[in-house]
Amino acid sequence: MQEAFTSLAELDIPTIAAIHGHCIGAGLELAAACDLRLCSAEAQFSLPEVRLGLVADLGGLQRLPGLIGRGRTAHLALTGAPIDAQTAERWGLVTGVLDTPETLWASVDVLAGQLADLNPQALAGTKQVLRDARPLEEGLRQAGEFNAAALRKDQG
């Protein structure tokens, strides 16, 4: 399952997690492997593995600090306590909380359509730069090199 979650995170296309109800353990780790996350107002999030005598092992402990910070990740992982949708949005885990499941699905469809209309190479390059998270100077160089190659391809 670790390889599957990593493969999802490494796709060149943007991935969207639509979360309704309980997003627990592996579900939260799967959502963390996605690029974008939206949820319904009823959603709840937790990493309860510690309460089961286990360590979360599908990438959540590695991916969540980049999304919500180390302290908030520690809160989820060390307590196993759930957070609600509004807290998840405040923490930056999700970028939107929709009132109902129906508005969640509709919003995800609209977002997916918007992404599908964008240049796939630009999306892949943007994901790569975000994923690599290089130091500033290296990241600027990486993005500039991608754009230079894209411009040469368009002109040639």
# chains A, B, ... in the order shown; residues from 1 in each chain; ligands from 1

call {"tool": "residues_around", "arguments": {"residues": "Arg90 (chain A)", "least_positions_apart": "5", "cutoff": "12 Å", "atoms": "only C-alpha atoms", "output": "ChimeraX atom specification"}}
result
/A:67-68,72,83-85,95-97

call {"tool": "residues_around", "arguments": {"residues": "Thr79 (chain A)", "least_positions_apart": "5", "cutoff": "10 Å", "atoms": "only C-alpha atoms", "output": "list in words"}}
result
Ser46, Leu47, Pro48, Glu49, Val50, Arg51, Thr73 and Ala74 of chain A

call {"tool": "residues_around", "arguments": {"residues": "Leu98 (chain A)", "least_positions_apart": "6", "cutoff": "8 Å", "atoms": "only C-alpha atoms", "output": "list in words"}}
result
Leu38, Cys39, Ser40, Ala41 and Leu104 of chain A

call {"tool": "select_by_dssp", "arguments": {"residues": "chain A", "states": "helix (DSSP H, G or I)", "output": "ChimeraX atom specification"}}
result
/A:2-9,26-33,48-52,60-68,70-79,85-91,101-116,120-132,136-155

call {"tool": "closest_residue", "arguments": {"among": "A:Gly66, A:Pro82, A:Gly59, A:Gly92", "to": "Asp132 (chain A)", "atoms": "only C-alpha atoms"}}
result
A:Gly66

call {"tool": "select_by_dssp", "arguments": {"residues": "chain A", "states": "strand (DSSP E)", "output": "PyMOL selection string"}}
result
chain A and resi 16-19+22-24+36-40+44-46+83-84+96-98

call {"tool": "closest_residue", "arguments": {"among": "A:Gly71, A:Leu78, A:Leu93, A:Leu52", "to": "Ala31 (chain A)", "atoms": "only C-alpha atoms"}}
result
A:Leu93

call {"tool": "residues_around", "arguments": {"residues": "Phe5 (chain A)", "least_positions_apart": "6", "cutoff": "10 Å", "atoms": "only C-alpha atoms", "output": "PDB file with N, CA and C atoms, in the first residue's frame"}}
result
ATOM      1  N   ALA A  26      -5.663   5.190   7.247  1.00  0.00           N
ATOM      2  CA  ALA A  26      -5.243   5.075   5.847  1.00  0.00           C
ATOM      3  C   ALA A  26      -5.999   6.044   4.948  1.00  0.00           C
ATOM      4  N   GLU A  29      -4.219   9.251   5.263  1.00  0.00           N
ATOM      5  CA  GLU A  29      -2.930   9.150   4.583  1.00  0.00           C
ATOM      6  C   GLU A  29      -3.113   9.173   3.065  1.00  0.00           C
ATOM      7  N   LEU A  30      -4.194   8.579   2.567  1.00  0.00           N
ATOM      8  CA  LEU A  30      -4.506   8.631   1.139  1.00  0.00           C
ATOM      9  C   LEU A  30      -4.817  10.070   0.729  1.00  0.00           C
ATOM     10  N   ALA A  31      -5.626  10.756   1.529  1.00  0.00           N
ATOM     11  CA  ALA A  31      -5.944  12.156   1.229  1.00  0.00           C
ATOM     12  C   ALA A  31      -4.687  13.014   1.223  1.00  0.00           C
ATOM     13  N   ALA A  32      -3.764  12.751   2.148  1.00  0.00           N
ATOM     14  CA  ALA A  32      -2.508  13.515   2.209  1.00  0.00           C
ATOM     15  C   ALA A  32      -1.649  13.287   0.977  1.00  0.00           C
ATOM     16  N   ALA A  33      -1.812  12.152   0.311  1.00  0.00           N
ATOM     17  CA  ALA A  33      -1.053  11.859  -0.906  1.00  0.00           C
ATOM     18  C   ALA A  33      -1.617  12.599  -2.116  1.00  0.00           C
ATOM     19  N   CYS A  34      -2.823  13.149  -1.983  1.00  0.00           N
ATOM     20  CA  CYS A  34      -3.444  13.899  -3.079  1.00  0.00           C
ATOM     21  C   CYS A  34      -2.952  15.342  -3.068  1.00  0.00           C
ATOM     22  N   LEU A  58       1.648   4.735   6.067  1.00  0.00           N
ATOM     23  CA  LEU A  58       1.361   4.891   4.642  1.00  0.00           C
ATOM     24  C   LEU A  58       1.723   6.278   4.121  1.00  0.00           C
ATOM     25  N   GLY A  59       2.586   6.976   4.819  1.00  0.00           N
ATOM     26  CA  GLY A  59       3.081   8.267   4.347  1.00  0.00           C
ATOM     27  C   GLY A  59       2.481   9.479   5.031  1.00  0.00           C
ATOM     28  N   GLY A  60       1.499   9.285   5.880  1.00  0.00           N
ATOM     29  CA  GLY A  60       0.883  10.430   6.554  1.00  0.00           C
ATOM     30  C   GLY A  60       1.861  11.178   7.441  1.00  0.00           C
TER      31      GLY A  60
END

call {"tool": "closest_residue", "arguments": {"among": "A:Gly80, A:Gln121, A:Cys23, A:Gln62", "to": "Leu151 (chain A)", "atoms": "only C-alpha atoms"}}
result
A:Gln121

call {"tool": "residues_around", "arguments": {"residues": "His22 (chain A)", "least_positions_apart": "2", "cutoff": "7 Å", "atoms": "only C-alpha atoms", "output": "ChimeraX atom specification"}}
result
/A:20,24,43-45

call {"tool": "atom_distance", "arguments": {"atom1": "CA of Thr100 (chain A)", "atom2": "CA of Arg63 (chain A)"}}
result
27.4 Å

call {"tool": "residues_around", "arguments": {"residues": "Asn147 (chain A)", "least_positions_apart": "4", "cutoff": "9 Å", "atoms": "only C-alpha atoms", "output": "PDB file with N, CA and C atoms, in the first residue's frame"}}
result
ATOM      1  N   ALA A 122       2.498  21.840 -18.132  1.00  0.00           N
ATOM      2  CA  ALA A 122       2.646  22.858 -17.086  1.00  0.00           C
ATOM      3  C   ALA A 122       2.191  22.310 -15.738  1.00  0.00           C
ATOM      4  N   GLY A 125       4.945  19.937 -14.579  1.00  0.00           N
ATOM      5  CA  GLY A 125       6.104  20.700 -14.120  1.00  0.00           C
ATOM      6  C   GLY A 125       5.858  21.369 -12.778  1.00  0.00           C
ATOM      7  N   GLN A 142      15.059  25.358 -11.133  1.00  0.00           N
ATOM      8  CA  GLN A 142      14.274  24.248 -11.671  1.00  0.00           C
ATOM      9  C   GLN A 142      13.058  24.760 -12.450  1.00  0.00           C
ATOM     10  N   ALA A 143      12.319  25.699 -11.881  1.00  0.00           N
ATOM     11  CA  ALA A 143      11.143  26.248 -12.556  1.00  0.00           C
ATOM     12  C   ALA A 143      11.543  26.988 -13.823  1.00  0.00           C
ATOM     13  N   LEU A 151       9.197  26.757 -23.620  1.00  0.00           N
ATOM     14  CA  LEU A 151       9.198  27.804 -24.639  1.00  0.00           C
ATOM     15  C   LEU A 151       9.935  27.350 -25.902  1.00  0.00           C
ATOM     16  N   ARG A 152      11.060  26.638 -25.705  1.00  0.00           N
ATOM     17  CA  ARG A 152      11.804  26.112 -26.869  1.00  0.00           C
ATOM     18  C   ARG A 152      10.935  25.119 -27.637  1.00  0.00           C
TER      19      ARG A 152
END

call {"tool": "closest_atom_pairs", "arguments": {"of": "region 59-123 of chain A", "to": "region 6-15 of chain A", "cutoff": "8 Å", "atoms": "only C-alpha atoms", "output": "Markdown table"}}
result
| residue | atom | partner | partner_atom | distance |
| --- | --- | --- | --- | --- |
| A:Gly59 | CA | A:Thr6 | CA | 7.8 |
| A:Leu115 | CA | A:Pro14 | CA | 7.5 |
| A:Pro120 | CA | A:Ile13 | CA | 7.2 |
| A:Leu123 | CA | A:Ile13 | CA | 6.6 |
